[in-house]
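As stored in my_file-v7.txt (compact mmCIF, C-alpha atoms):
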```txt
# COMPACT_ATOMS: atom_id res chain seq x y z
CA MET A 42 0.00 0.00 0.00
CA LEU A 43 1.45 3.33 -1.05
CA PHE A 44 -0.31 5.59 1.43
CA SER A 45 -1.19 3.82 4.64
CA ARG A 46 -2.29 6.86 6.60
CA ARG A 47 -5.88 6.81 7.65
CA LYS A 48 -8.02 9.48 6.06
CA ARG A 49 -9.30 12.11 8.43
CA GLU A 50 -13.04 12.47 8.69
CA PRO A 51 -14.30 15.97 7.71
CA ASP A 52 -15.43 16.81 11.27
CA GLU A 53 -12.36 15.30 12.94
CA GLU A 54 -9.87 17.84 14.30
CA PRO A 55 -6.18 17.30 13.59
CA GLU A 56 -4.01 16.40 16.56
CA ARG A 57 -2.66 19.45 18.32
CA ARG A 58 0.84 19.59 19.64
CA PRO A 59 1.13 20.55 23.29
CA MET A 60 1.98 24.18 23.99
CA SER A 61 5.54 24.81 25.14
CA LEU A 62 6.39 26.44 28.47
CA GLU A 63 7.26 29.59 26.53
CA GLU A 64 3.82 29.65 24.88
CA HIS A 65 2.12 29.24 28.26
CA ALA A 66 4.33 32.03 29.63
CA ASP A 67 3.24 34.29 26.75
CA THR A 68 -0.39 33.51 27.62
CA VAL A 69 0.20 34.47 31.26
CA GLU A 70 1.88 37.71 30.24
CA ARG A 71 -1.08 38.65 28.00
CA ILE A 72 -3.46 37.94 30.90
CA LEU A 73 -1.38 40.00 33.33
CA LEU A 74 -1.26 42.88 30.85
CA SER A 75 -5.05 42.75 30.55
CA LEU A 76 -5.22 43.04 34.37
CA GLY A 77 -3.06 46.17 34.26
CA VAL A 78 0.10 44.46 35.55
CA ASP A 79 3.49 45.74 34.38
CA THR A 80 4.85 42.39 33.22
CA ASP A 81 8.45 43.61 32.97
CA GLY A 82 8.36 44.67 36.61
CA ALA A 83 6.42 41.58 37.67
CA ARG A 84 8.68 39.03 35.97
CA MET A 85 10.87 37.06 38.37
CA THR A 86 14.44 36.52 37.23
CA ASP A 87 15.54 33.87 39.72
CA ILE A 88 13.33 31.00 38.52
CA LEU A 89 15.45 27.93 37.72
CA GLN A 90 13.06 25.91 35.55
CA GLY A 91 10.30 27.95 34.02
CA PHE A 92 8.79 31.38 34.46
CA GLY A 93 7.42 33.42 37.34
CA TRP A 94 5.67 36.71 38.03
CA THR A 95 4.62 38.53 41.17
CA PHE A 96 2.11 41.36 41.45
CA ARG A 97 -0.26 42.95 43.93
CA ARG A 98 -4.02 42.90 43.97
CA GLY A 99 -5.20 45.18 46.74
CA SER A 100 -3.37 44.11 49.89
CA ALA A 101 -2.49 40.65 48.53
CA GLU A 102 0.70 39.57 46.78
CA ILE A 103 0.05 37.12 43.94
CA GLU A 104 2.66 34.78 42.45
CA VAL A 105 2.23 32.95 39.14
CA TYR A 106 4.56 30.19 37.96
CA ILE A 107 4.86 28.17 34.77
CA SER A 108 7.27 25.33 35.45
CA GLU A 109 8.18 21.79 34.60
CA GLN A 110 8.76 19.05 37.16
CA GLU A 111 9.75 15.54 36.15
CA GLY A 112 8.74 16.22 32.54
CA ILE A 113 5.28 17.57 33.38
CA GLY A 114 4.42 21.24 33.01
CA TYR A 115 2.39 23.07 35.68
CA LEU A 116 0.62 26.35 36.24
CA GLN A 117 0.81 27.40 39.87
CA VAL A 118 -0.93 30.50 41.19
CA LEU A 119 -0.51 31.26 44.85
CA ALA A 120 -1.02 34.11 47.26
CA PRO A 121 0.42 34.12 50.77
CA ILE A 122 -2.19 36.07 52.71
CA LEU A 123 -1.42 35.93 56.43
CA HIS A 124 0.73 34.51 59.18
CA ILE A 125 -1.41 32.27 61.36
CA PRO A 126 -2.32 33.68 64.77
CA ALA A 127 -0.78 32.28 67.95
CA THR A 128 -4.15 31.22 69.40
CA GLY A 129 -7.59 30.13 68.22
CA LEU A 130 -6.28 27.79 65.54
CA LEU A 131 -9.07 25.20 65.67
CA PRO A 132 -11.83 27.69 64.70
CA LEU A 133 -9.53 29.12 62.00
CA TYR A 134 -8.80 25.67 60.55
CA ARG A 135 -12.49 24.79 60.56
CA HIS A 136 -13.35 28.05 58.79
CA MET A 137 -10.65 27.41 56.19
CA LEU A 138 -12.05 23.94 55.50
CA GLU A 139 -15.54 25.40 55.12
CA LEU A 140 -14.20 28.05 52.74
CA ASN A 141 -12.50 25.34 50.67
CA MET A 142 -15.96 23.93 49.91
CA GLN A 143 -17.07 27.34 48.58
CA LEU A 144 -14.06 28.43 46.51
CA THR A 145 -13.92 27.76 42.78
CA ASN A 146 -10.53 26.97 41.20
CA ALA A 147 -8.73 27.74 44.46
CA SER A 148 -7.97 26.25 47.85
CA LEU A 149 -6.64 27.44 51.17
CA GLY A 150 -3.61 25.82 52.75
CA ILE A 151 -0.85 26.46 55.25
CA TYR A 152 2.85 26.30 54.52
CA TYR A 153 5.46 27.37 57.10
CA ASP A 154 2.77 29.02 59.27
CA VAL A 155 1.47 31.17 56.39
CA ILE A 156 -2.03 30.79 54.95
CA TYR A 157 -2.10 30.63 51.16
CA VAL A 158 -4.80 30.81 48.53
CA PHE A 159 -3.56 28.61 45.69
CA ASN A 160 -4.24 26.60 42.57
CA GLU A 161 -1.92 24.16 40.86
CA ARG A 162 -2.81 22.48 37.60
CA PRO A 163 -0.98 20.52 34.89
CA LEU A 164 -0.48 22.52 31.69
CA GLU A 165 -1.84 19.72 29.51
CA GLY A 166 -5.17 20.87 28.07
CA LEU A 167 -4.92 24.30 29.71
CA ASP A 168 -6.12 27.17 27.54
CA ALA A 169 -6.01 30.96 27.93
CA THR A 170 -9.58 31.19 29.26
CA GLU A 171 -8.95 28.74 32.09
CA THR A 172 -5.59 30.35 32.88
CA ASN A 173 -7.30 33.75 33.11
CA ASN A 174 -10.01 32.32 35.38
CA ILE A 175 -7.47 30.76 37.72
CA VAL A 176 -5.31 33.88 37.98
CA THR A 177 -8.24 36.27 38.51
CA LEU A 178 -10.07 34.01 40.97
CA VAL A 179 -7.02 33.33 43.15
CA ALA A 180 -6.11 37.04 43.13
CA GLY A 181 -9.67 38.06 43.99
CA TYR A 182 -10.03 35.52 46.79
CA ALA A 183 -6.67 36.53 48.26
CA ASP A 184 -7.58 40.21 48.27
CA ASP A 185 -10.97 39.52 49.88
CA LEU A 186 -9.96 36.83 52.37
CA ASP A 187 -6.82 38.37 53.84
CA ASN A 188 -8.70 41.16 55.60
CA GLN A 189 -11.69 38.96 56.50
CA LEU A 190 -9.52 36.35 58.19
CA ILE A 191 -7.48 38.95 60.07
CA GLU A 192 -10.65 40.61 61.40
CA GLU A 193 -12.17 37.31 62.52
CA PHE A 194 -9.13 35.37 63.74
CA GLY A 195 -6.21 37.78 64.15
CA GLY A 196 -2.75 37.15 62.83
CA ARG A 197 -0.66 39.40 60.63
CA LEU A 198 -0.97 40.12 56.92
CA PHE A 199 1.76 38.46 54.90
CA SER A 200 2.29 41.73 53.05
CA GLN A 201 3.26 43.34 56.36
CA THR A 202 6.25 41.03 56.85
```

Spell out the structure here as structure tokens.
Amino acid sequence: MLFSRRKREPDEEPERRPMSLEEHADTVERILLSLGVDTDGARMTDILQGFGWTFRRGSAEIEVYISEQEGIGYLQVLAPILHIPATGLLPLYRHMLELNMQLTNASLGIYYDVIYVFNERPLEGLDATETNNIVTLVAGYADDLDNQLIEEFGGRLFSQT
């Protein structure tokens, strides 16, 4: 047989190649520009494998990373919002778990005694619309929740380190 390739059906889409880290980074930069972020000033220069940006939304500091770990690319958006208070942790933890059930495309977690709003997702299948949703939702939640949690439970804003 001279041509053994299967014919593509008219409504069948051709296979798409996965976007590179650089293409995902370009997408993030376009999104940040649309949010009014100075991408040159926001770009981190000390990222070893991938790309990173940091910017402020209200009182919250937002970090966005495009990276590769063990051959898999990831989008990570995180916002350290406050240092946990010295007392009253059980009610705070319960409230955080309850909030996790209400948040879309974001979660709350603690790392080194700092509360974070975050999302981490593999790059495979990620498009610009979903990237935009993740970045804007995490940034919005961080800006809203930092002050709410401080008022209710105490602690210290991460941005006041």

Quiz item: Out of A:Glu70, A:Asp184, A:Asp154, A:Glu64, which residue has the shortest atom-to-atom distance to Arg97 in chain A when counting all atoms listed in the file?
Solution: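 Once distances to Arg97 in chain A are computed over all atoms listed in the file, the minimum belongs to A:Asp184.
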
Practice problem: Between CA of Met137 in chain A and CA of Phe194 in chain A, measure the distance and give it in Å to one decimal. | Solution: 11.1 Å

Practice problem: Find the residues near Leu119 in chain A: any atom within 7 Å, counting all atoms listed in the file, skip ones fewer than 2 places away on the same chain, and give them as a ChimeraX atom specification. | Solution: /A:103-105,117,121,157-160

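CA of Thr68 in chain A is positioned 14.0 Å from CA of Glu165 in chain A.
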
Quiz item: Which polymer residues have any atom within 8 Å of an atom of Asp187 in chain A, counting all atoms listed in the file, with same-chain residues fewer than 4 positions away left out, as a ChimeraX atom specification?
Solution: /A:100-101,122-123,183,191,198

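The two atoms in question, CA of Asn146 in chain A and CA of Arg58 in chain A, are spaced 25.5 Å apart.
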
Quiz prompt | Val176 in chain A surroundings by only C-alpha atoms, 8 Å radius, close-in-sequence under 4 positions cut, as an MDAnalysis selection string | solution = chainID A and resid 105 118 172 180

Self-check item: Top pick for closest residue to Asn174 in chain A, considering A:Thr95, A:Gln201, A:Thr145, A:Gln189 and counting all atoms listed in the file
Solution: A:Thr145

Self-check item: Within 9 Å of file point (-5.4, 35.8, 66.1), counting all atoms listed in the file, expressed as an NGL selection string
Solution: :A and (125-130 or 133 or 190-197)

Exercise. Find the residue from A:Glu171, A:Glu63, A:Asp79, A:Glu111 that sits nearest to Gly91 in chain A; use all atoms listed in the file when measuring.
Key: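 Checking each candidate against Gly91 in chain A, we get A:Glu63 as the closest.
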